[in-house]
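Structure first, then comments.
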Amino acid sequence: MKNIFKISVVIAFVVAGIFLIKSVVDAYKQPHVRSGEITNLYVKNKRDDSDFFIVLNDDEVIKNDDSFLFGKFNSADIQAKLSVGDKVKIKTAGFRNNLFSQYENLVSVKKVGNK
C-alpha cells in the first residue's frame, strides 16, 4: 500500500510539473508587437558567443537571440540589416526580468520606414 501511495505522489508531481512547464512555454510563445524607431544597436561579446540588443524608442531594450521555439537561427543577419533610425515593427516573445537580466526576445522584425 505504501508503494502505491509513493507512486501516486510521484505521478502527481510529474503531472503538475508538465502543466507548469506547458503554461510557461505557452506564455513565452505569446508574441508582443512593438513599433517605433531604433535608437541604438549594440553587441555584448562573450568568450564563445555574442548577444545582440536593439533599443527601441530610447526606452525598450530587446534582445535579438536565436530561438529554437520559433525556428529563428539568423539573429546576426537580422542585426546586420538594421540601422539606427529605422522605423520598425517588432514581434517579441518572453519576459523582461530585471532581477535576472532577462529581456524579451525578438521573433521577427519588419522595416516600416527609415530616417
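Letters A, B, ... go to the chains of the C-alpha cells in the order shown; residues in each chain start at 1; ligands are counted from 1 in the same order.
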Find the residues around A:Asn105 up to 12 Å (only C-alpha atoms counted), leave out those fewer than 4 positions away in its own chain, and share them as a PyMOL selection string.
chain A and resi 28-34+51-54+60-70+72+75+90-97+109
For the structure I just gave you, how does DSSP split chain A - specifically, which residues are alpha helix (DSSP H)? Reply as a PyMOL selection string.
chain A and resi 2-28+75-81
